[in-house]
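Asker: My structure is stored as my_file.cif, with mmCIF, C-alpha atoms.
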```cif
data_input
#
loop_
_atom_site.group_PDB
_atom_site.id
_atom_site.type_symbol
_atom_site.label_atom_id
_atom_site.label_comp_id
_atom_site.auth_asym_id
_atom_site.auth_seq_id
_atom_site.Cartn_x
_atom_site.Cartn_y
_atom_site.Cartn_z
ATOM 1 C CA MET A 186 12.887 -0.476 20.406
ATOM 2 C CA LYS A 187 12.073 0.575 16.883
ATOM 3 C CA TYR A 188 8.439 0.128 15.893
ATOM 4 C CA TYR A 189 6.883 -0.353 12.478
ATOM 5 C CA ASP A 190 3.118 0.078 12.107
ATOM 6 C CA ALA A 191 2.118 -1.689 8.901
ATOM 7 C CA HIS A 192 -1.372 -0.205 8.781
ATOM 8 C CA ASN A 193 -3.060 2.864 10.236
ATOM 9 C CA HIS A 194 -5.136 5.927 9.335
ATOM 10 C CA LEU A 195 -3.373 8.897 10.921
ATOM 11 C CA GLN A 196 -5.324 11.202 8.606
ATOM 12 C CA ASP A 197 -8.648 10.130 10.129
ATOM 13 C CA GLY A 198 -10.902 12.807 11.609
ATOM 14 C CA TRP A 199 -11.060 11.019 14.971
ATOM 15 C CA LEU A 200 -7.339 11.698 15.423
ATOM 16 C CA ALA A 201 -7.343 15.246 14.042
ATOM 17 C CA PRO A 202 -7.955 17.058 17.385
ATOM 18 C CA HIS A 203 -5.065 15.163 18.982
ATOM 19 C CA LEU A 204 -2.686 14.717 16.063
ATOM 20 C CA PRO A 205 0.254 16.887 17.212
ATOM 21 C CA GLN A 206 0.394 15.073 20.554
ATOM 22 C CA VAL A 207 -0.088 11.671 18.877
ATOM 23 C CA LEU A 208 2.795 12.276 16.484
ATOM 24 C CA GLU A 209 5.000 13.469 19.338
ATOM 25 C CA THR A 210 4.228 10.314 21.325
ATOM 26 C CA LEU A 211 4.981 8.071 18.347
ATOM 27 C CA GLU A 212 8.359 9.683 17.858
ATOM 28 C CA LYS A 213 9.165 9.442 21.571
ATOM 29 C CA ILE A 214 8.480 5.687 21.695
ATOM 30 C CA GLY A 215 10.605 5.062 18.592
ATOM 31 C CA ILE A 216 8.355 4.837 15.545
ATOM 32 C CA ALA A 217 10.569 4.060 12.566
ATOM 33 C CA GLY A 218 7.969 3.453 9.860
ATOM 34 C CA ALA A 219 4.202 3.654 9.490
ATOM 35 C CA VAL A 220 1.996 3.036 6.480
ATOM 36 C CA VAL A 221 -0.833 5.584 6.482
ATOM 37 C CA ASN A 222 -3.745 4.364 4.381
ATOM 38 C CA GLY A 223 -6.220 6.529 2.537
ATOM 39 C CA THR A 224 -9.762 5.240 2.103
ATOM 40 C CA ILE A 225 -11.274 7.526 -0.541
ATOM 41 C CA ASP A 226 -9.904 10.000 -3.065
ATOM 42 C CA GLY A 227 -11.040 12.851 -0.800
ATOM 43 C CA ASP A 228 -8.510 12.023 1.930
ATOM 44 C CA TRP A 229 -5.462 11.272 -0.197
ATOM 45 C CA GLU A 230 -4.063 14.797 0.096
ATOM 46 C CA ASP A 231 -4.177 14.518 3.899
ATOM 47 C CA VAL A 232 -2.170 11.293 3.634
ATOM 48 C CA ALA A 233 0.339 12.943 1.293
ATOM 49 C CA ARG A 234 0.718 15.902 3.644
ATOM 50 C CA LEU A 235 1.612 13.638 6.542
ATOM 51 C CA ALA A 236 4.229 11.919 4.377
ATOM 52 C CA ARG A 237 5.746 15.270 3.437
ATOM 53 C CA GLU A 238 5.922 16.352 7.069
ATOM 54 C CA ARG A 239 7.138 13.105 8.692
ATOM 55 C CA PRO A 240 9.929 11.064 7.070
ATOM 56 C CA TRP A 241 8.735 7.846 8.738
ATOM 57 C CA VAL A 242 5.286 8.030 7.114
ATOM 58 C CA ILE A 243 4.740 5.894 4.008
ATOM 59 C CA PRO A 244 1.692 7.102 2.073
ATOM 60 C CA SER A 245 -0.814 4.614 0.725
ATOM 61 C CA TYR A 246 -3.759 5.540 -1.485
ATOM 62 C CA GLY A 247 -6.877 3.519 -2.116
ATOM 63 C CA VAL A 248 -10.650 3.299 -2.185
ATOM 64 C CA HIS A 249 -11.873 1.218 0.751
ATOM 65 C CA PRO A 250 -14.725 -1.213 0.006
ATOM 66 C CA TRP A 251 -16.927 0.573 2.560
ATOM 67 C CA ARG A 252 -16.544 3.851 0.650
ATOM 68 C CA ILE A 253 -16.792 2.925 -3.012
ATOM 69 C CA LYS A 254 -20.109 4.790 -3.386
ATOM 70 C CA GLU A 255 -18.325 8.001 -2.389
ATOM 71 C CA ARG A 256 -15.612 7.864 -5.026
ATOM 72 C CA THR A 257 -15.523 10.571 -7.682
ATOM 73 C CA GLY A 258 -15.610 9.978 -11.408
ATOM 74 C CA GLN A 259 -11.911 10.894 -11.575
ATOM 75 C CA TRP A 260 -10.730 8.466 -8.912
ATOM 76 C CA GLU A 261 -8.696 6.252 -11.247
ATOM 77 C CA GLU A 262 -6.877 9.189 -12.801
ATOM 78 C CA LEU A 263 -6.225 10.674 -9.368
ATOM 79 C CA LEU A 264 -4.923 7.364 -8.037
ATOM 80 C CA ARG A 265 -2.515 6.922 -10.931
ATOM 81 C CA ALA A 266 -1.181 10.418 -10.326
ATOM 82 C CA ARG A 267 -0.621 9.727 -6.633
ATOM 83 C CA LEU A 268 1.146 6.459 -7.358
ATOM 84 C CA ASP A 269 3.366 8.129 -9.924
ATOM 85 C CA GLU A 270 4.499 10.486 -7.141
ATOM 86 C CA GLY A 271 5.377 7.470 -4.972
ATOM 87 C CA GLY A 272 3.143 5.510 -2.682
ATOM 88 C CA ALA A 273 1.553 2.184 -1.902
ATOM 89 C CA VAL A 274 -1.957 1.074 -2.875
ATOM 90 C CA GLY A 275 -4.427 0.755 -0.041
ATOM 91 C CA GLU A 276 -6.648 0.368 1.718
ATOM 92 C CA ILE A 277 -8.486 -1.747 -0.849
ATOM 93 C CA GLY A 278 -10.383 -4.994 -0.635
ATOM 94 C CA LEU A 279 -13.604 -6.957 -0.354
ATOM 95 C CA ASP A 280 -16.226 -6.878 2.394
ATOM 96 C CA ARG A 281 -19.323 -9.032 2.784
ATOM 97 C CA TRP A 282 -19.923 -7.972 6.390
ATOM 98 C CA LYS A 283 -21.007 -4.369 5.890
ATOM 99 C CA GLU A 284 -24.660 -4.087 4.895
ATOM 100 C CA GLY A 285 -25.605 -2.748 1.474
ATOM 101 C CA TYR A 286 -22.522 -3.885 -0.392
ATOM 102 C CA ASP A 287 -22.482 -4.283 -4.158
ATOM 103 C CA CYS A 288 -20.394 -7.372 -4.963
ATOM 104 C CA GLU A 289 -19.858 -6.523 -8.608
ATOM 105 C CA ASP A 290 -18.831 -2.926 -7.966
ATOM 106 C CA GLN A 291 -16.587 -3.922 -5.067
ATOM 107 C CA GLU A 292 -14.773 -6.512 -7.118
ATOM 108 C CA GLY A 293 -14.356 -4.184 -10.085
ATOM 109 C CA VAL A 294 -12.849 -1.412 -7.964
ATOM 110 C CA PHE A 295 -10.633 -3.896 -6.143
ATOM 111 C CA ARG A 296 -9.328 -5.509 -9.328
ATOM 112 C CA THR A 297 -8.545 -2.114 -10.862
ATOM 113 C CA GLN A 298 -6.506 -1.042 -7.855
ATOM 114 C CA LEU A 299 -4.710 -4.364 -7.520
ATOM 115 C CA ARG A 300 -3.690 -4.160 -11.173
ATOM 116 C CA MET A 301 -2.292 -0.671 -10.637
ATOM 117 C CA ALA A 302 -0.182 -2.002 -7.775
ATOM 118 C CA ALA A 303 1.043 -4.939 -9.866
ATOM 119 C CA GLU A 304 1.907 -2.728 -12.841
ATOM 120 C CA ARG A 305 4.052 -0.476 -10.635
ATOM 121 C CA ASN A 306 5.326 -3.230 -8.329
ATOM 122 C CA THR A 307 4.206 -1.216 -5.322
ATOM 123 C CA PRO A 308 2.757 -2.989 -2.262
ATOM 124 C CA ALA A 309 -1.001 -3.205 -1.794
ATOM 125 C CA THR A 310 -2.802 -3.340 1.546
ATOM 126 C CA ILE A 311 -5.925 -5.501 1.476
ATOM 127 C CA HIS A 312 -8.991 -5.471 3.723
ATOM 128 C CA CYS A 313 -11.150 -8.588 3.790
ATOM 129 C CA LEU A 314 -14.206 -9.489 5.844
ATOM 130 C CA ARG A 315 -16.309 -12.567 5.143
ATOM 131 C CA ALA A 316 -15.035 -12.725 1.573
ATOM 132 C CA TRP A 317 -11.978 -14.954 1.808
ATOM 133 C CA GLY A 318 -13.006 -17.305 -0.982
ATOM 134 C CA ALA A 319 -13.702 -14.427 -3.355
ATOM 135 C CA LEU A 320 -10.425 -12.768 -2.419
ATOM 136 C CA TRP A 321 -8.470 -15.956 -3.015
ATOM 137 C CA GLU A 322 -9.950 -16.367 -6.490
ATOM 138 C CA ILE A 323 -8.840 -12.850 -7.421
ATOM 139 C CA VAL A 324 -5.379 -13.077 -5.852
ATOM 140 C CA ARG A 325 -4.881 -16.513 -7.404
ATOM 141 C CA THR A 326 -5.781 -15.395 -10.938
ATOM 142 C CA GLU A 327 -4.827 -11.705 -11.102
ATOM 143 C CA ALA A 328 -1.328 -10.283 -11.275
ATOM 144 C CA VAL A 329 -0.114 -9.169 -7.853
ATOM 145 C CA PRO A 330 2.855 -6.928 -6.961
ATOM 146 C CA ALA A 331 6.107 -8.847 -7.137
ATOM 147 C CA CYS A 332 7.208 -7.146 -3.911
ATOM 148 C CA GLY A 333 4.180 -8.590 -2.111
ATOM 149 C CA PHE A 334 0.948 -7.421 -0.519
ATOM 150 C CA LEU A 335 -0.432 -7.089 3.002
ATOM 151 C CA LEU A 336 -3.515 -8.812 4.411
ATOM 152 C CA HIS A 337 -4.109 -6.366 7.207
ATOM 153 C CA ALA A 338 -5.420 -7.630 10.565
ATOM 154 C CA TYR A 339 -5.635 -11.069 9.008
ATOM 155 C CA GLY A 340 -8.768 -12.845 10.193
ATOM 156 C CA GLY A 341 -9.056 -15.579 7.605
ATOM 157 C CA PRO A 342 -8.749 -19.335 8.070
ATOM 158 C CA VAL A 343 -5.454 -20.829 9.161
ATOM 159 C CA GLU A 344 -5.704 -23.199 6.188
ATOM 160 C CA MET A 345 -5.476 -20.287 3.725
ATOM 161 C CA ILE A 346 -2.241 -18.825 5.095
ATOM 162 C CA GLU A 347 0.055 -21.050 3.046
ATOM 163 C CA GLY A 348 -1.654 -20.276 -0.268
ATOM 164 C CA PHE A 349 -1.754 -16.539 0.329
ATOM 165 C CA ALA A 350 1.905 -16.568 1.400
ATOM 166 C CA ARG A 351 2.885 -18.354 -1.822
ATOM 167 C CA ARG A 352 1.233 -15.503 -3.736
ATOM 168 C CA GLY A 353 3.267 -12.937 -1.775
ATOM 169 C CA ALA A 354 1.116 -12.126 1.246
ATOM 170 C CA TYR A 355 2.300 -10.660 4.520
ATOM 171 C CA PHE A 356 0.015 -10.799 7.573
ATOM 172 C CA SER A 357 -0.239 -8.007 10.140
ATOM 173 C CA PHE A 358 -1.099 -8.703 13.764
ATOM 174 C CA SER A 359 -3.564 -6.366 15.475
ATOM 175 C CA GLY A 360 -3.493 -5.663 19.184
ATOM 176 C CA SER A 361 -7.280 -5.899 19.183
ATOM 177 C CA PHE A 362 -6.852 -9.669 18.777
ATOM 178 C CA MET A 363 -5.658 -9.757 22.378
ATOM 179 C CA ALA A 364 -9.263 -9.423 23.580
ATOM 180 C CA GLU A 365 -10.576 -12.677 25.009
ATOM 181 C CA GLN A 366 -13.481 -12.839 22.535
ATOM 182 C CA ARG A 367 -11.020 -12.570 19.632
ATOM 183 C CA ARG A 368 -8.592 -15.159 20.913
ATOM 184 C CA GLY A 369 -9.119 -17.350 17.865
ATOM 185 C CA LYS A 370 -7.799 -14.630 15.546
ATOM 186 C CA MET A 371 -4.766 -14.234 17.781
ATOM 187 C CA GLU A 372 -4.063 -17.963 17.753
ATOM 188 C CA THR A 373 -4.019 -17.900 13.939
ATOM 189 C CA PHE A 374 -0.784 -15.923 14.169
ATOM 190 C CA ARG A 375 1.032 -18.899 15.638
ATOM 191 C CA GLU A 376 0.901 -20.368 12.130
ATOM 192 C CA VAL A 377 2.014 -17.360 10.069
ATOM 193 C CA PRO A 378 5.542 -17.917 8.689
ATOM 194 C CA VAL A 379 7.964 -15.775 10.657
ATOM 195 C CA GLU A 380 9.246 -14.130 7.475
ATOM 196 C CA ARG A 381 5.695 -12.909 6.773
ATOM 197 C CA LEU A 382 4.841 -11.367 10.163
ATOM 198 C CA LEU A 383 4.034 -7.675 10.568
ATOM 199 C CA VAL A 384 2.348 -5.588 13.274
ATOM 200 C CA GLU A 385 -0.332 -2.929 12.924
ATOM 201 C CA THR A 386 -2.674 -0.690 14.911
ATOM 202 C CA ASP A 387 -5.345 0.311 12.339
ATOM 203 C CA ALA A 388 -5.605 3.430 14.521
ATOM 204 C CA PRO A 389 -7.951 5.038 15.256
ATOM 205 C CA ALA A 390 -9.929 1.807 14.687
ATOM 206 C CA MET A 391 -9.562 -1.661 16.278
ATOM 207 C CA PRO A 392 -8.813 -0.602 19.868
ATOM 208 C CA LEU A 393 -7.069 -2.898 22.295
ATOM 209 C CA PRO A 394 -8.871 -4.267 25.348
ATOM 210 C CA ALA A 395 -9.214 -1.345 27.764
ATOM 211 C CA GLU A 396 -7.021 -2.978 30.393
ATOM 212 C CA LEU A 397 -4.163 -3.355 27.893
ATOM 213 C CA SER A 398 -4.339 0.068 26.269
ATOM 214 C CA ARG A 399 -1.220 2.006 27.296
ATOM 215 C CA TYR A 400 -1.970 5.181 25.360
ATOM 216 C CA ARG A 401 -5.471 6.608 25.538
ATOM 217 C CA LEU A 402 -7.451 9.273 23.730
ATOM 218 C CA PRO A 403 -10.886 10.804 24.385
ATOM 219 C CA LYS A 404 -13.795 8.963 22.833
ATOM 220 C CA ALA A 405 -15.048 9.996 19.402
ATOM 221 C CA PRO A 406 -18.033 12.396 19.332
ATOM 222 C CA GLU A 407 -20.435 9.464 18.855
ATOM 223 C CA GLY A 408 -18.918 7.643 21.824
ATOM 224 C CA ALA A 409 -16.656 5.131 20.065
ATOM 225 C CA THR A 410 -13.280 4.217 21.568
ATOM 226 C CA VAL A 411 -10.387 5.794 19.677
ATOM 227 C CA ASN A 412 -7.283 3.652 19.337
ATOM 228 C CA HIS A 413 -4.046 5.552 19.959
ATOM 229 C CA PRO A 414 -1.382 4.460 17.441
ATOM 230 C CA GLY A 415 1.166 4.384 20.260
ATOM 231 C CA ASN A 416 -0.427 1.086 21.219
ATOM 232 C CA VAL A 417 1.704 -0.484 18.502
ATOM 233 C CA ALA A 418 4.137 -1.122 21.380
ATOM 234 C CA VAL A 419 1.535 -3.263 23.169
ATOM 235 C CA ALA A 420 0.788 -5.184 19.982
ATOM 236 C CA TYR A 421 4.491 -6.015 19.623
ATOM 237 C CA GLU A 422 4.537 -7.331 23.180
ATOM 238 C CA GLY A 423 1.457 -9.469 22.619
ATOM 239 C CA LEU A 424 2.831 -10.992 19.443
ATOM 240 C CA ALA A 425 6.224 -11.672 21.018
ATOM 241 C CA THR A 426 4.547 -13.519 23.876
ATOM 242 C CA LEU A 427 2.343 -15.501 21.493
ATOM 243 C CA ARG A 428 5.313 -16.580 19.387
ATOM 244 C CA GLY A 429 7.627 -17.236 22.343
ATOM 245 C CA MET A 430 10.118 -14.639 21.124
ATOM 246 C CA GLU A 431 12.231 -12.099 22.958
ATOM 247 C CA SER A 432 11.172 -8.533 22.170
ATOM 248 C CA GLU A 433 14.506 -7.795 20.467
ATOM 249 C CA GLU A 434 14.113 -10.851 18.252
ATOM 250 C CA LEU A 435 10.620 -9.814 17.164
ATOM 251 C CA GLU A 436 11.836 -6.266 16.594
ATOM 252 C CA GLY A 437 14.432 -7.547 14.129
ATOM 253 C CA VAL A 438 11.973 -9.856 12.371
ATOM 254 C CA VAL A 439 9.341 -7.169 11.899
ATOM 255 C CA GLU A 440 11.872 -4.603 10.718
ATOM 256 C CA ALA A 441 13.267 -7.006 8.124
ATOM 257 C CA ASN A 442 9.794 -7.958 6.892
ATOM 258 C CA PHE A 443 8.590 -4.355 6.809
ATOM 259 C CA ARG A 444 11.624 -3.276 4.820
ATOM 260 C CA ARG A 445 11.214 -6.187 2.425
ATOM 261 C CA LEU A 446 7.647 -5.174 1.637
ATOM 262 C CA PHE A 447 7.776 -1.376 1.932
ATOM 263 C CA GLY A 448 11.502 -0.648 1.676
ATOM 264 C CA LYS A 449 11.399 0.992 -1.738
ATOM 265 C CA LEU A 450 8.822 3.463 -0.467
ATOM 266 C CA MET A 451 10.783 4.073 2.740
ATOM 267 C CA ASP A 452 13.661 5.270 0.595
ATOM 268 C CA VAL A 453 11.330 7.698 -1.172
ATOM 269 C CA ALA A 454 9.611 8.873 2.033
ATOM 270 C CA GLY A 455 12.792 9.213 4.063
#
```
Take the structure in this file and express it as structure tokens.
Answerer:
Amino acid sequence: MKYYDAHNHLQDGWLAPHLPQVLETLEKIGIAGAVVNGTIDGDWEDVARLARERPWVIPSYGVHPWRIKERTGQWEELLRARLDEGGAVGEIGLDRWKEGYDCEDQEGVFRTQLRMAAERNTPATIHCLRAWGALWEIVRTEAVPACGFLLHAYGGPVEMIEGFARRGAYFSFSGSFMAEQRRGKMETFREVPVERLLVETDAPAMPLPAELSRYRLPKAPEGATVNHPGNVAVAYEGLATLRGMESEELEGVVEANFRRLFGKLMDVAG
């Protein structure tokens, strides 16, 4: 099998103590491409370093909606410079779940980054929680990258899939949806067009149910479960079962979709 992880955070501090072993495991299981997403201008160099060291890493640079208060005054200039070197835009987006959000600031930062992606025709990775209507209004009216964009760990309504897909969206399946209490999010992926399906881990976040986790890491210092990115293999299996596909068939579908969205950057990274 060849695996493509459409969304993770390999630069995250939770993975830092284990990173050499994590990278070795990923290469042993057959990782062929992984989009590593920055979340604030302070971690973009760590993302870039991973891309320089591992040909299968695609760097992505963005200001996450949870971290917009941390951005520096030079973040736009720094982002343009990173994108000019080659990279995707992300993780960006809207979030009405996290307490203390500033709607106006969030939307301004999101629109700025989405426009940068559209101007360069580089893919954007979008986070959305409890803001699907607001996101649709922006995606519907703003320019978006012609190559497409990713709605990572899509948790929006089934009824919105068709509209987002018409605007160029891809939808990545998370193994965390295999938990019984998240079954509804998993079922949504029965309705995603096959040519728009991707798989992600969001590692070290969004862990799988403990009984399904094949690759394990020690808990974070504060006690949180750390998702090993090797669990992308389990996510593939879960999605194949959900869609009634043989593993080899899903492998081909995901590879084709991943290359369609991120292929230009794979050529640069590899």
Asker: Which residues fall under the PyMOL selection byres ((chain A and resi 245) around 9) in this file, as a PyMOL selection string?
Answerer: chain A and resi 220-223+229+232-233+243-244+246-247+267-268+271-276+308-310
Asker: Taking all atoms listed in the file into account, which of A:Arg281, A:Arg445, A:Arg234, A:Arg428 comes nearest Thr373 in chain A?
Answerer: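 Of A:Arg281, A:Arg445, A:Arg234, A:Arg428, the one nearest Thr373 in chain A is A:Arg428, counting all atoms listed in the file.
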Asker: Which of these residues is nearest to Lys283 in chain A, using all atoms listed in the file: A:Arg265, A:Arg315, A:Arg305, A:Lys404?
Answerer: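 Ranked by minimum distance to Lys283 in chain A, first place goes to A:Arg315.
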Asker: Quick one: pull the distance between CA of Leu208 in chain A and CA of Glu396 in chain A, Å, one decimal.
Answerer: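 Those two atoms sit 22.9 Å apart.
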Asker: Given the PyMOL selection byres ((chain A and resi 292-304) around 8) and the file above, list the residues it selects as a PyMOL selection string.
Answerer: chain A and resi 247-248+250+253+265+273-274+277-279+288-291+305-309+323+327-331
Asker: As a PyMOL selection string, please: the residues near Asp197 in chain A (cut-off 12 Å, all atoms listed in the file, same-chain neighbours under 4 positions excluded).
Answerer: chain A and resi 193+201-204+221-225+227-232+235+387-390+405+411-414
Asker: Would you list the contacts of range 342-348 of chain A as a PyMOL selection string, taking every protein, DNA or RNA residue within 9 Å and counting all atoms listed in the file, but skipping same-chain residues closer than 6 positions in sequence?
Answerer: chain A and resi 317+321+325+354+356+370+373-374+376-378
Asker: Between CA of Asp190 in chain A and CA of Tyr339 in chain A, what is the spacing in Å?
Answerer: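 Separation between CA of Tyr339 in chain A and CA of Asp190 in chain A: 14.5 Å.
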Asker: Can you tell me, as a VMD selection string, what residues are no more than 9 Å from range 360-367 of chain A when counting all atoms listed in the file, ignoring any on the same chain fewer than 3 positions away?
Answerer: chain A and resid 338 370 to 372 384 to 386 391 to 394 397 416 to 417 419 to 421 423 to 424
Asker: Mind dumping the selected residues with C-alpha atoms as a CSV table (one decimal), in the coordinates of the input?
Answerer:
```
chain,number,residue,atom,x,y,z
A,338,ALA,CA,-5.4,-7.6,10.6
A,370,LYS,CA,-7.8,-14.6,15.5
A,371,MET,CA,-4.8,-14.2,17.8
A,372,GLU,CA,-4.1,-18.0,17.8
A,384,VAL,CA,2.3,-5.6,13.3
A,385,GLU,CA,-0.3,-2.9,12.9
A,386,THR,CA,-2.7,-0.7,14.9
A,391,MET,CA,-9.6,-1.7,16.3
A,392,PRO,CA,-8.8,-0.6,19.9
A,393,LEU,CA,-7.1,-2.9,22.3
A,394,PRO,CA,-8.9,-4.3,25.3
A,397,LEU,CA,-4.2,-3.4,27.9
A,416,ASN,CA,-0.4,1.1,21.2
A,417,VAL,CA,1.7,-0.5,18.5
A,419,VAL,CA,1.5,-3.3,23.2
A,420,ALA,CA,0.8,-5.2,20.0
A,421,TYR,CA,4.5,-6.0,19.6
A,423,GLY,CA,1.5,-9.5,22.6
A,424,LEU,CA,2.8,-11.0,19.4
```
Asker: I'd like to know which of A:Glu422, A:Asp269, A:Glu261, A:Glu431 is closest to Tyr188 in chain A, using only C-alpha atoms.
Answerer: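 Among the listed residues, A:Glu422 lies closest to Tyr188 in chain A.
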